[in-house]
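Data from run_28.txt: compact mmCIF, C-alpha atoms
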```txt
# COMPACT_ATOMS: atom_id res chain seq x y z
CA MET E 1027 -29.15 -21.45 -5.13
CA LYS E 1028 -26.99 -23.46 -2.81
CA ALA E 1029 -23.65 -22.07 -1.66
CA GLN E 1030 -20.95 -23.89 0.23
CA ILE E 1031 -17.81 -22.16 1.52
CA ASP E 1032 -14.90 -24.61 1.61
CA GLY E 1033 -11.33 -24.19 2.81
CA SER E 1034 -12.05 -21.73 5.64
CA PRO E 1035 -10.30 -19.96 7.21
CA SER E 1036 -7.06 -19.99 5.18
CA PHE E 1037 -8.18 -20.78 1.64
CA ALA E 1038 -11.88 -20.07 1.56
CA HIS E 1039 -13.59 -20.50 -1.82
CA ILE E 1040 -17.26 -20.80 -2.71
CA HIS E 1041 -18.96 -23.62 -4.57
CA ILE E 1042 -22.25 -22.24 -5.87
CA ASP E 1043 -24.92 -24.46 -7.38
CA LEU E 1044 -27.05 -22.24 -9.62
CA ASP E 1045 -30.61 -23.46 -10.16
CA PRO E 1046 -32.16 -23.21 -13.65
CA GLY E 1047 -32.55 -19.57 -14.71
CA GLU E 1048 -30.65 -18.19 -11.71
CA SER E 1049 -27.86 -15.65 -12.00
CA ILE E 1050 -25.26 -14.04 -9.76
CA LEU E 1051 -23.13 -10.88 -9.98
CA VAL E 1052 -19.43 -11.58 -9.57
CA GLU E 1053 -16.25 -9.53 -9.19
CA PRO E 1054 -13.89 -9.78 -12.22
CA ASP E 1055 -11.34 -12.59 -11.98
CA ALA E 1056 -13.19 -14.28 -9.10
CA MET E 1057 -14.27 -17.26 -11.21
CA ALA E 1058 -11.98 -20.26 -10.68
CA SER E 1059 -13.97 -22.92 -12.51
CA MET E 1060 -17.49 -23.60 -13.72
CA SER E 1061 -19.70 -25.83 -15.78
CA ALA E 1062 -19.34 -24.91 -19.45
CA GLU E 1063 -23.13 -24.48 -19.65
CA ILE E 1064 -23.03 -21.32 -17.53
CA GLU E 1065 -23.06 -18.08 -19.52
CA MET E 1066 -21.04 -15.06 -18.54
CA THR E 1067 -21.85 -11.50 -19.57
CA THR E 1068 -19.87 -8.41 -18.67
CA ARG E 1069 -21.28 -5.00 -18.00
CA PHE E 1070 -20.43 -1.70 -16.43
CA ASN E 1071 -20.54 -1.88 -12.67
CA GLY E 1072 -23.79 0.03 -12.07
CA GLY E 1073 -23.88 1.88 -15.40
CA PHE E 1074 -21.19 3.79 -17.25
CA VAL E 1075 -20.89 6.89 -15.07
CA LYS E 1076 -21.23 5.05 -11.76
CA GLY E 1077 -18.82 2.46 -13.08
CA LEU E 1078 -16.23 5.12 -13.79
CA ILE E 1079 -16.71 6.67 -10.36
CA LYS E 1080 -16.28 3.30 -8.72
CA LYS E 1081 -13.18 2.54 -10.70
CA PHE E 1082 -11.32 5.80 -10.35
CA LEU E 1083 -12.61 7.19 -7.07
CA GLY E 1084 -13.69 4.11 -5.17
CA GLY E 1085 -10.87 1.80 -6.25
CA GLU E 1086 -13.37 -0.79 -7.46
CA SER E 1087 -13.56 -2.67 -10.75
CA LEU E 1088 -15.05 -0.85 -13.74
CA PHE E 1089 -16.83 -3.97 -14.91
CA ILE E 1090 -18.82 -6.68 -13.26
CA ASN E 1091 -19.66 -10.14 -14.53
CA GLU E 1092 -23.02 -11.84 -14.45
CA PHE E 1093 -23.05 -15.64 -14.47
CA LYS E 1094 -26.31 -17.18 -15.50
CA ASN E 1095 -27.54 -20.76 -15.71
CA PRO E 1096 -29.64 -20.97 -18.91
CA THR E 1097 -30.17 -24.75 -18.68
CA ASN E 1098 -32.88 -26.68 -16.87
CA THR E 1099 -30.52 -28.50 -14.50
CA THR E 1100 -28.40 -27.25 -11.60
CA GLN E 1101 -24.92 -26.04 -12.63
CA ARG E 1102 -21.83 -25.43 -10.50
CA LEU E 1103 -19.72 -22.27 -10.33
CA THR E 1104 -16.65 -21.94 -8.08
CA LEU E 1105 -15.55 -18.48 -6.93
CA THR E 1106 -12.51 -17.32 -5.01
CA GLN E 1107 -10.49 -14.22 -4.06
CA PRO E 1108 -6.89 -13.18 -4.81
CA THR E 1109 -5.60 -13.45 -1.24
CA PRO E 1110 -5.52 -16.39 1.15
CA GLY E 1111 -8.16 -15.83 3.81
CA ASN E 1112 -11.72 -16.24 4.85
CA ILE E 1113 -15.02 -15.60 3.04
CA VAL E 1114 -18.36 -14.71 4.63
CA GLU E 1115 -21.87 -15.28 3.31
CA LEU E 1116 -24.25 -12.58 4.55
CA ASP E 1117 -28.02 -12.49 4.11
CA LEU E 1118 -29.18 -8.92 3.58
CA ASN E 1119 -32.86 -8.35 4.22
CA ASN E 1120 -33.78 -4.90 2.96
CA SER E 1121 -30.56 -3.68 4.56
CA SER E 1122 -27.16 -2.57 3.38
CA LEU E 1123 -23.43 -2.82 3.99
CA CYS E 1124 -20.44 -0.77 2.82
CA LEU E 1125 -17.42 -2.70 1.61
CA GLN E 1126 -13.87 -1.53 1.13
CA PRO E 1127 -12.30 -1.93 -2.34
CA GLY E 1128 -11.44 -5.54 -3.07
CA ALA E 1129 -13.68 -7.14 -0.45
CA PHE E 1130 -16.69 -7.75 -2.71
CA ILE E 1131 -16.88 -11.19 -4.32
CA ALA E 1132 -20.48 -11.85 -5.37
CA ALA E 1133 -24.12 -10.86 -4.85
CA THR E 1134 -27.39 -12.50 -5.84
CA SER E 1135 -29.70 -10.64 -8.21
CA GLY E 1136 -31.86 -9.00 -5.51
CA LEU E 1137 -28.94 -6.85 -4.39
CA ASN E 1138 -27.91 -3.48 -5.76
CA LEU E 1139 -24.28 -2.38 -5.96
CA GLY E 1140 -24.26 1.36 -5.45
CA VAL E 1141 -21.81 4.17 -4.85
CA ARG E 1142 -22.15 6.87 -2.23
CA TYR E 1143 -20.12 9.96 -1.54
CA ALA E 1144 -17.91 9.15 1.44
CA GLY E 1145 -16.51 12.61 2.13
CA ILE E 1146 -13.13 14.28 1.93
CA SER E 1147 -11.93 12.78 5.20
CA SER E 1148 -12.45 9.28 3.84
CA PHE E 1149 -10.43 10.28 0.77
CA LEU E 1150 -7.63 11.64 2.96
CA ALA E 1151 -7.61 8.38 4.92
CA ARG E 1152 -6.92 6.73 1.56
CA GLU E 1153 -10.25 4.92 1.85
CA GLY E 1154 -11.65 6.47 -1.35
CA LEU E 1155 -13.83 9.51 -2.06
CA PHE E 1156 -16.80 7.29 -2.76
CA LYS E 1157 -17.83 4.17 -0.95
CA ILE E 1158 -19.34 0.98 -2.29
CA GLU E 1159 -22.69 0.19 -0.77
CA ILE E 1160 -24.50 -3.10 -1.31
CA SER E 1161 -28.19 -2.91 -0.51
CA GLY E 1162 -31.45 -4.78 -0.99
CA THR E 1163 -32.46 -8.35 -0.26
CA GLY E 1164 -30.26 -11.30 -1.14
CA LYS E 1165 -27.01 -13.08 -0.41
CA LEU E 1166 -23.73 -11.19 -0.34
CA PHE E 1167 -20.29 -12.83 -0.37
CA TYR E 1168 -17.24 -10.88 0.72
CA GLY E 1169 -13.70 -11.92 1.51
CA ALA E 1170 -10.63 -10.82 3.40
CA TYR E 1171 -6.90 -11.35 3.62
CA GLY E 1172 -6.58 -13.43 6.79
CA GLY E 1173 -9.38 -14.03 9.23
CA ILE E 1174 -12.49 -11.87 9.59
CA LEU E 1175 -13.37 -10.09 12.83
CA GLU E 1176 -16.63 -8.29 13.56
CA LYS E 1177 -16.97 -5.56 16.12
CA GLN E 1178 -20.08 -3.76 17.34
CA VAL E 1179 -19.26 -0.08 17.74
CA ASN E 1180 -21.16 2.47 19.75
CA GLY E 1181 -19.48 5.84 19.48
CA GLU E 1182 -15.93 5.91 18.15
CA TYR E 1183 -13.43 3.23 17.26
CA ILE E 1184 -9.92 3.26 15.78
CA VAL E 1185 -8.96 0.92 12.93
CA ASP E 1186 -5.69 0.55 11.09
CA SER E 1187 -6.43 1.64 7.50
CA GLY E 1188 -5.39 -1.57 5.75
CA HIS E 1189 -7.49 -3.78 8.01
CA LEU E 1190 -10.98 -2.38 7.43
CA VAL E 1191 -13.18 -4.63 5.26
CA GLY E 1192 -16.67 -3.21 5.72
CA TYR E 1193 -19.02 -1.20 7.93
CA ASP E 1194 -22.64 -0.19 8.36
CA PRO E 1195 -23.43 2.56 5.81
CA HIS E 1196 -24.50 5.24 8.28
CA MET E 1197 -21.11 5.14 10.01
CA LYS E 1198 -18.54 7.82 9.19
CA LEU E 1199 -14.86 7.33 8.47
CA LYS E 1200 -12.34 9.94 9.56
CA VAL E 1201 -8.59 10.13 9.27
CA LYS E 1202 -6.57 10.47 12.42
CA LEU E 1203 -2.99 10.29 13.64
CA ALA E 1204 -2.46 7.26 15.85
CA GLY E 1205 -0.97 9.35 18.64
CA GLY E 1206 0.91 12.63 18.78
CA LEU E 1207 2.78 13.82 15.71
CA ILE E 1208 6.01 12.08 16.66
CA SER E 1209 4.69 8.95 18.37
CA SER E 1210 2.37 8.31 15.40
CA PHE E 1211 5.31 7.67 13.16
CA THR E 1212 7.63 6.02 15.66
CA SER E 1213 4.90 3.61 16.80
CA GLY E 1214 4.60 2.18 13.30
CA GLU E 1215 0.88 2.92 13.28
CA GLY E 1216 1.04 6.26 11.42
CA ILE E 1217 -2.32 7.35 10.13
CA VAL E 1218 -5.32 5.37 11.29
CA THR E 1219 -9.03 5.47 10.51
CA LYS E 1220 -11.56 6.59 13.08
CA VAL E 1221 -15.00 5.06 12.66
CA GLU E 1222 -17.89 7.03 14.18
CA GLY E 1223 -21.48 5.98 14.80
CA THR E 1224 -23.43 2.96 15.95
CA GLY E 1225 -23.18 -0.28 14.04
CA LYS E 1226 -20.97 -3.11 12.91
CA ILE E 1227 -17.45 -2.88 11.54
CA ILE E 1228 -15.70 -5.79 9.81
CA LEU E 1229 -11.93 -6.23 10.03
CA GLN E 1230 -9.34 -8.49 8.43
CA THR E 1231 -6.48 -9.92 10.49
CA ARG E 1232 -3.86 -9.33 7.76
CA SER E 1233 -3.21 -6.49 5.30
CA ILE E 1234 -1.63 -6.53 1.84
CA GLU E 1235 0.12 -3.24 2.53
CA GLY E 1236 1.59 -4.81 5.67
CA LEU E 1237 2.93 -7.77 3.69
CA ALA E 1238 4.38 -5.41 1.07
CA ASP E 1239 6.07 -3.30 3.75
CA TRP E 1240 7.64 -6.46 5.08
CA ILE E 1241 8.88 -7.64 1.67
CA ASN E 1242 10.11 -4.28 0.36
CA PRO E 1243 13.39 -4.17 2.35
CA TYR E 1244 14.35 -7.50 0.77
CA LEU E 1245 13.99 -6.20 -2.82
CA TYR E 1246 17.18 -4.87 -4.28
CA MET B 255 8.34 -45.05 -1.11
CA LYS B 256 5.81 -44.19 1.56
CA VAL B 257 4.44 -40.66 1.61
CA GLU B 258 2.91 -38.76 4.52
CA ILE B 259 1.55 -35.28 3.86
CA LEU B 260 1.84 -33.17 7.00
CA HIS B 261 0.15 -29.88 7.96
CA ARG B 262 -2.52 -29.86 5.25
CA PRO B 263 -3.86 -27.72 3.75
CA THR B 264 -2.06 -24.46 4.66
CA ASN B 265 1.54 -25.37 5.37
CA SER B 266 1.83 -28.75 3.70
CA ALA B 267 5.06 -30.71 3.65
CA ALA B 268 5.65 -34.20 2.31
CA LYS B 269 7.59 -36.76 4.33
CA CYS B 270 8.94 -39.38 1.91
CA ILE B 271 10.06 -42.58 3.60
CA LEU B 272 12.53 -44.47 1.41
CA GLY B 273 13.62 -48.10 1.56
CA PRO B 274 17.31 -49.12 1.28
CA ASN B 275 18.87 -47.41 -1.77
CA GLU B 276 15.43 -46.27 -2.95
CA GLU B 277 15.23 -43.07 -5.00
CA VAL B 278 12.89 -40.11 -5.17
CA THR B 279 13.08 -37.29 -7.71
CA ALA B 280 12.07 -33.79 -6.62
CA GLU B 281 11.79 -30.30 -8.01
CA ALA B 282 14.96 -28.27 -7.32
CA GLY B 283 14.73 -26.40 -4.03
CA ALA B 284 11.96 -28.52 -2.54
CA MET B 285 14.07 -30.39 0.02
CA ILE B 286 13.87 -29.01 3.56
CA ALA B 287 15.50 -31.88 5.46
CA MET B 288 16.74 -35.44 4.90
CA SER B 289 18.68 -38.33 6.43
CA ALA B 290 22.40 -37.60 6.41
CA ASP B 291 23.39 -40.58 4.26
CA THR B 292 21.06 -39.59 1.38
CA SER B 293 22.91 -38.73 -1.82
CA ILE B 294 21.78 -36.05 -4.30
CA THR B 295 22.35 -35.83 -8.03
CA THR B 296 20.89 -33.30 -10.47
CA SER B 297 19.22 -34.39 -13.68
CA THR B 298 20.74 -31.88 -16.07
CA TYR B 299 23.70 -34.14 -16.64
CA LYS B 300 22.50 -37.50 -15.39
CA LYS B 301 19.58 -39.89 -15.03
CA GLU B 302 16.53 -40.61 -17.13
CA GLY B 303 14.82 -37.32 -16.29
CA GLY B 304 17.46 -35.36 -18.17
CA GLY B 305 20.24 -35.92 -20.64
CA VAL B 306 22.25 -33.08 -22.09
CA LEU B 307 20.00 -32.62 -25.12
CA LYS B 308 16.84 -32.48 -23.08
CA ALA B 309 18.42 -30.04 -20.63
CA LEU B 310 19.53 -27.86 -23.51
CA LYS B 311 16.04 -27.99 -24.96
CA ARG B 312 14.66 -26.76 -21.65
CA MET B 313 17.16 -23.95 -21.45
CA LEU B 314 16.38 -22.85 -25.00
CA ALA B 315 12.70 -22.87 -24.23
CA GLY B 316 13.30 -20.74 -21.15
CA GLU B 317 12.07 -23.57 -19.01
CA SER B 318 14.76 -24.13 -16.44
CA PHE B 319 13.32 -27.13 -14.77
CA PHE B 320 15.96 -28.97 -12.82
CA LEU B 321 15.31 -32.17 -10.97
CA ASN B 322 17.16 -33.49 -7.98
CA HIS B 323 17.42 -37.22 -7.39
CA PHE B 324 17.66 -38.33 -3.79
CA GLN B 325 18.93 -41.82 -3.07
CA ALA B 326 18.63 -43.28 0.41
CA GLY B 327 21.53 -45.08 2.06
CA PRO B 328 21.69 -48.85 2.64
CA ARG B 329 19.43 -48.61 5.69
CA GLY B 330 16.79 -46.46 4.01
CA GLY B 331 15.98 -42.87 4.97
CA GLU B 332 13.64 -39.92 4.85
CA VAL B 333 13.34 -36.77 2.73
CA TYR B 334 11.09 -33.87 3.73
CA LEU B 335 9.82 -31.73 0.84
CA ALA B 336 7.95 -28.42 0.79
CA THR B 337 7.14 -25.54 -1.56
CA THR B 338 7.38 -21.75 -1.37
CA LEU B 339 3.77 -20.62 -1.36
CA LEU B 340 1.23 -21.50 1.29
CA GLY B 341 -0.90 -24.38 0.17
CA ASP B 342 -1.92 -27.97 -0.12
CA MET B 343 -0.17 -31.12 -1.34
CA MET B 344 -1.58 -34.39 -2.62
CA GLU B 345 -0.19 -37.84 -3.27
CA PHE B 346 -1.01 -39.38 -6.65
CA GLU B 347 -0.26 -42.72 -8.24
CA THR B 348 -0.08 -43.58 -11.92
CA ARG B 349 -0.40 -47.08 -13.31
CA GLY B 350 0.08 -46.27 -16.94
CA GLU B 351 -2.34 -43.33 -17.04
CA THR B 352 -1.13 -39.90 -18.13
CA LEU B 353 -1.68 -36.69 -16.23
CA ILE B 354 -0.87 -33.20 -17.55
CA VAL B 355 0.53 -31.13 -14.69
CA GLN B 356 1.18 -27.41 -14.39
CA ALA B 357 4.96 -27.36 -13.85
CA GLY B 358 4.79 -25.17 -10.75
CA SER B 359 2.67 -27.83 -9.05
CA TYR B 360 5.15 -30.68 -9.46
CA VAL B 361 6.93 -31.61 -6.23
CA ALA B 362 8.32 -35.13 -6.47
CA SER B 363 7.98 -38.58 -8.02
CA GLU B 364 9.19 -42.16 -7.72
CA LYS B 365 11.77 -43.58 -10.09
CA GLY B 366 9.23 -45.35 -12.32
CA VAL B 367 7.39 -42.11 -13.12
CA ASN B 368 8.27 -40.37 -16.41
CA ILE B 369 8.31 -36.59 -16.58
CA ASP B 370 8.19 -35.12 -20.06
CA VAL B 371 8.92 -31.40 -20.20
CA GLY B 372 8.32 -31.14 -23.91
CA TRP B 373 4.51 -31.13 -23.81
CA GLN B 374 3.54 -28.06 -25.83
CA GLY B 375 -0.23 -28.27 -25.77
CA PHE B 376 -0.85 -24.92 -24.08
CA LYS B 377 2.41 -23.19 -24.55
CA ASN B 378 1.82 -20.52 -27.16
CA LEU B 379 -1.51 -19.49 -25.80
CA PHE B 380 -0.33 -18.70 -22.31
CA SER B 381 2.91 -16.97 -23.11
CA GLY B 382 2.01 -14.13 -20.77
CA GLU B 383 1.43 -16.39 -17.83
CA SER B 384 4.80 -18.13 -17.37
CA LEU B 385 3.09 -21.50 -17.17
CA PHE B 386 4.50 -24.59 -18.69
CA TRP B 387 3.33 -28.13 -18.48
CA LEU B 388 4.65 -31.54 -17.62
CA LYS B 389 3.34 -34.80 -18.92
CA ILE B 390 3.48 -37.39 -16.16
CA SER B 391 3.18 -41.07 -17.04
CA GLY B 392 4.70 -44.45 -16.19
CA GLN B 393 4.31 -46.40 -12.96
CA GLY B 394 4.55 -45.05 -9.44
CA LYS B 395 3.70 -42.40 -6.90
CA PHE B 396 4.09 -38.67 -7.29
CA ILE B 397 3.32 -35.55 -5.26
CA LEU B 398 1.73 -32.31 -6.47
CA SER B 399 1.24 -29.03 -4.64
CA SER B 400 -1.09 -26.06 -5.01
CA PHE B 401 -1.53 -22.43 -4.00
CA GLY B 402 -4.57 -22.80 -1.77
CA MET B 403 -6.59 -26.00 -1.56
CA ILE B 404 -6.92 -28.63 -4.25
CA TYR B 405 -10.47 -29.51 -5.29
CA PRO B 406 -11.12 -32.24 -7.85
CA VAL B 407 -13.77 -31.80 -10.54
CA GLU B 408 -15.23 -34.85 -12.27
CA VAL B 409 -15.99 -33.84 -15.84
CA ASN B 410 -18.60 -35.64 -17.86
CA GLY B 411 -19.50 -33.23 -20.63
CA ALA B 412 -17.83 -29.82 -20.59
CA TYR B 413 -16.19 -27.70 -17.88
CA VAL B 414 -14.38 -24.37 -17.81
CA VAL B 415 -11.36 -23.58 -15.62
CA ASP B 416 -9.44 -20.31 -15.31
CA THR B 417 -5.90 -21.16 -16.46
CA GLY B 418 -4.34 -19.98 -13.19
CA HIS B 419 -6.41 -22.51 -11.27
CA ILE B 420 -5.33 -25.69 -13.08
CA VAL B 421 -3.10 -28.02 -11.06
CA ALA B 422 -3.44 -31.10 -13.27
CA PHE B 423 -5.87 -32.95 -15.51
CA GLU B 424 -6.26 -36.41 -16.97
CA GLU B 425 -5.10 -36.76 -20.54
CA THR B 426 -8.41 -38.40 -21.45
CA LEU B 427 -9.93 -34.90 -21.50
CA ASN B 428 -9.86 -32.80 -24.64
CA PHE B 429 -9.19 -29.14 -24.11
CA THR B 430 -9.61 -25.96 -26.09
CA ILE B 431 -8.75 -22.41 -25.24
CA ALA B 432 -12.00 -20.52 -25.13
CA LYS B 433 -13.23 -17.00 -24.58
CA SER B 434 -14.71 -16.61 -21.11
CA ALA B 435 -17.71 -14.70 -22.53
CA LYS B 436 -19.48 -14.96 -25.87
CA GLY B 437 -17.68 -12.03 -27.44
CA TRP B 438 -14.00 -11.11 -27.56
CA ILE B 439 -14.46 -7.63 -26.11
CA SER B 440 -16.38 -8.76 -23.07
CA SER B 441 -13.98 -11.67 -22.56
CA PHE B 442 -11.21 -9.14 -22.34
CA LEU B 443 -13.11 -6.65 -20.18
CA SER B 444 -14.45 -9.30 -17.83
CA GLY B 445 -11.07 -9.82 -16.18
CA GLU B 446 -11.45 -13.53 -16.84
CA GLY B 447 -9.70 -13.40 -20.21
CA LEU B 448 -9.07 -16.75 -21.82
CA VAL B 449 -10.13 -19.88 -20.05
CA CYS B 450 -9.54 -23.55 -20.63
CA LYS B 451 -12.54 -25.56 -21.74
CA PHE B 452 -12.29 -29.28 -21.04
CA GLU B 453 -14.49 -31.79 -22.80
CA GLY B 454 -15.04 -35.49 -22.41
CA LYS B 455 -14.77 -37.68 -19.36
CA GLY B 456 -12.05 -37.36 -16.74
CA ARG B 457 -10.88 -35.51 -13.68
CA ILE B 458 -9.39 -32.03 -13.27
CA TYR B 459 -7.55 -30.97 -10.12
CA CYS B 460 -8.10 -27.27 -9.48
CA GLN B 461 -6.47 -24.98 -6.92
CA SER B 462 -8.66 -22.65 -4.89
CA HIS B 463 -6.27 -19.69 -5.36
CA ASN B 464 -4.52 -18.18 -8.36
CA PRO B 465 -0.85 -17.19 -7.84
CA ASN B 466 -1.14 -14.55 -10.61
CA SER B 467 -4.10 -12.85 -8.95
CA PHE B 468 -2.24 -12.73 -5.64
CA GLY B 469 0.77 -11.29 -7.47
CA TYR B 470 -1.35 -8.56 -9.12
CA LYS B 471 -2.81 -7.68 -5.72
CA LEU B 472 0.57 -7.48 -3.99
CA GLY B 473 2.67 -6.13 -6.90
CA PRO B 474 1.53 -2.48 -6.90
CA HIS B 475 2.56 -2.16 -3.25
CA LEU B 476 6.11 -3.34 -3.87
CA ARG B 477 8.74 -0.77 -4.65
CA PRO B 478 10.56 -1.03 -7.98
CA ARG B 479 13.77 -3.04 -8.07
CA ARG B 480 16.87 -0.95 -8.25
```

Translate the structure described by the file into structure tokens.
Amino acid sequence: MKAQIDGSPSFAHIHIDLDPGESILVEPDAMASMSAEIEMTTRFNGGFVKGLIKKFLGGESLFINEFKNPTNTTQRLTLTQPTPGNIVELDLNNSSLCLQPGAFIAATSGLNLGVRYAGISSFLAREGLFKIEISGTGKLFYGAYGGILEKQVNGEYIVDSGHLVGYDPHMKLKVKLAGGLISSFTSGEGIVTKVEGTGKIILQTRSIEGLADWINPYLY
Amino acid sequence: MKVEILHRPTNSAAKCILGPNEEVTAEAGAMIAMSADTSITTSTYKKEGGGVLKALKRMLAGESFFLNHFQAGPRGGEVYLATTLLGDMMEFETRGETLIVQAGSYVASEKGVNIDVGWQGFKNLFSGESLFWLKISGQGKFILSSFGMIYPVEVNGAYVVDTGHIVAFEETLNFTIAKSAKGWISSFLSGEGLVCKFEGKGRIYCQSHNPNSFGYKLGPHLRPRR
């Protein structure tokens, strides 16, 4: 498989050349265009029960699509994301990463898309009761609204809820007021997410909720 | 007309440089600035792009597509054009070939370019997706825009494009509306729905981002209109 990310950082999209027999797991609606030879099949995202958990408690899609090249020549598939922004290709080598709902775009067949209980505090932070964990060995593609920032955390770190894209699985998410009870709401930061542990966090420089908050006063 | 596309691919704008009394036709609302002695007329009651009957036909079809005609003064002039969404623009030229264009992607064209709003090839099948199509032919330059970047695909055989990602395609291509998967149920569940399958030899211009998908992502966060 050969993957090329074009249009970074504003309009990143991925041109994937699938070799004969190769397949890739893709988020619903991420396909923009493809060779007509490529076959798509749809299945529950990690089985029926896990699929339901992901959909209703993790905010993820109930289904996932597999694109497979059944021919004996290379075939092209182009993937994208709903928002303008950047896309990252990450090689996982017997390791794992947690992604926030909506960040996942595609994973090669050596990767497993699992769900893990994230805890009540994650649910209260509106980050979902379960978290999506991608593990194994293979290539993972994830995207963001805006640019993507990575931060190595050792201890505690504060993140605005709408800006978190992903994090190392052994890190914990907790809900927290940005300041005191009054300053939290007057500062415009409100409730934030506290990340605890040692590892990497991934952030996006824009948030859909932020854009919506900006547009809402103009709707009447 | 000379065209310069500025600020590609994110915040594209087209600078159209016109000779004395030269004309350019543009989608209503696209003009952001122009020389002061440029005159504007609208095609619903004038010019070859319109005619009362054609305008009425558009209104009946729910396709309110109005065109503005800009004519430069005796010393020539400039018109700057831009679109609402972030994205790319491209300059095209037709010498008798025909291109089918998603109406939202049309920005502007020279006088010799014909724009036919009546092309019904896709209409009934995409009723949910407020897309309609223009058939562009004739002689001259025209400008198209996209949400995201434009990437061309050379088709020789068969190719599938999600309907929200089509900017334009050459008329030499045959198209059919196809299920995205083998079965109807999985096509529906896949989130890909119906796709457009192009066959033959020709070029498709795709956009990297789908305005509908962005709308579905943003929509739930917007408060209901009063």

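Shortest atom-to-atom contact with Asp291 of chain B among B:Asp370, B:Glu332, B:Glu258, B:Asp342: B:Glu332, counting all atoms listed in the file.
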
Task: Given all atoms listed in the file as the counted atoms, nearest of E:Arg1142, E:Lys1200, E:Arg1102, E:Lys1220 to chain B - done: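 For chain B, the nearest of the given residues is E:Arg1102.
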
Open item on the list: If I take atom CA of Gly1169 of chain E and atom CA of Glu1048 of chain E, how far is one from the other in Å, to one decimal?
Closed with: 22.4 Å

Task: For segment 1063-1067 of chain E: contacts at 6 Å, all atoms listed in the file, fewer than 4 positions along chain excluded, given as number ranges by chain - done: E: 1091-1095; B: 435

Task: Asn1098 of chain E environment, 9 Å, only C-alpha atoms, sequence neighbours closer than 2 positions dropped, as a VMD selection string - done: chain E and resid 1045 to 1047 1095 to 1096 1100

With a distance cut-off of 7 Å and all atoms listed in the file, select the neighbouring residues of segment 450-461 of chain B, excluding the residue or stretch itself and same-chain residues fewer than 6 positions from it, and output the selection as a PDB file with C-alpha atoms, keeping the file's coordinate frame.
```
ATOM      1  CA  SER B 400      -1.090 -26.060  -5.010  1.00  0.00           C
ATOM      2  CA  PHE B 401      -1.530 -22.430  -4.000  1.00  0.00           C
ATOM      3  CA  GLY B 402      -4.570 -22.800  -1.770  1.00  0.00           C
ATOM      4  CA  MET B 403      -6.590 -26.000  -1.560  1.00  0.00           C
ATOM      5  CA  ILE B 404      -6.920 -28.630  -4.250  1.00  0.00           C
ATOM      6  CA  TYR B 405     -10.470 -29.510  -5.290  1.00  0.00           C
ATOM      7  CA  PRO B 406     -11.120 -32.240  -7.850  1.00  0.00           C
ATOM      8  CA  VAL B 407     -13.770 -31.800 -10.540  1.00  0.00           C
ATOM      9  CA  GLU B 408     -15.230 -34.850 -12.270  1.00  0.00           C
ATOM     10  CA  VAL B 409     -15.990 -33.840 -15.840  1.00  0.00           C
ATOM     11  CA  ASN B 410     -18.600 -35.640 -17.860  1.00  0.00           C
ATOM     12  CA  GLY B 411     -19.500 -33.230 -20.630  1.00  0.00           C
ATOM     13  CA  ALA B 412     -17.830 -29.820 -20.590  1.00  0.00           C
ATOM     14  CA  TYR B 413     -16.190 -27.700 -17.880  1.00  0.00           C
ATOM     15  CA  VAL B 414     -14.380 -24.370 -17.810  1.00  0.00           C
ATOM     16  CA  VAL B 415     -11.360 -23.580 -15.620  1.00  0.00           C
ATOM     17  CA  ASP B 416      -9.440 -20.310 -15.310  1.00  0.00           C
ATOM     18  CA  THR B 417      -5.900 -21.160 -16.460  1.00  0.00           C
ATOM     19  CA  HIS B 419      -6.410 -22.510 -11.270  1.00  0.00           C
ATOM     20  CA  ILE B 420      -5.330 -25.690 -13.080  1.00  0.00           C
ATOM     21  CA  VAL B 421      -3.100 -28.020 -11.060  1.00  0.00           C
ATOM     22  CA  ALA B 422      -3.440 -31.100 -13.270  1.00  0.00           C
ATOM     23  CA  PHE B 423      -5.870 -32.950 -15.510  1.00  0.00           C
ATOM     24  CA  GLU B 424      -6.260 -36.410 -16.970  1.00  0.00           C
ATOM     25  CA  THR B 426      -8.410 -38.400 -21.450  1.00  0.00           C
ATOM     26  CA  LEU B 427      -9.930 -34.900 -21.500  1.00  0.00           C
ATOM     27  CA  ASN B 428      -9.860 -32.800 -24.640  1.00  0.00           C
ATOM     28  CA  PHE B 429      -9.190 -29.140 -24.110  1.00  0.00           C
ATOM     29  CA  THR B 430      -9.610 -25.960 -26.090  1.00  0.00           C
ATOM     30  CA  ILE B 431      -8.750 -22.410 -25.240  1.00  0.00           C
ATOM     31  CA  ALA B 432     -12.000 -20.520 -25.130  1.00  0.00           C
TER      32      ALA B 432
END
```
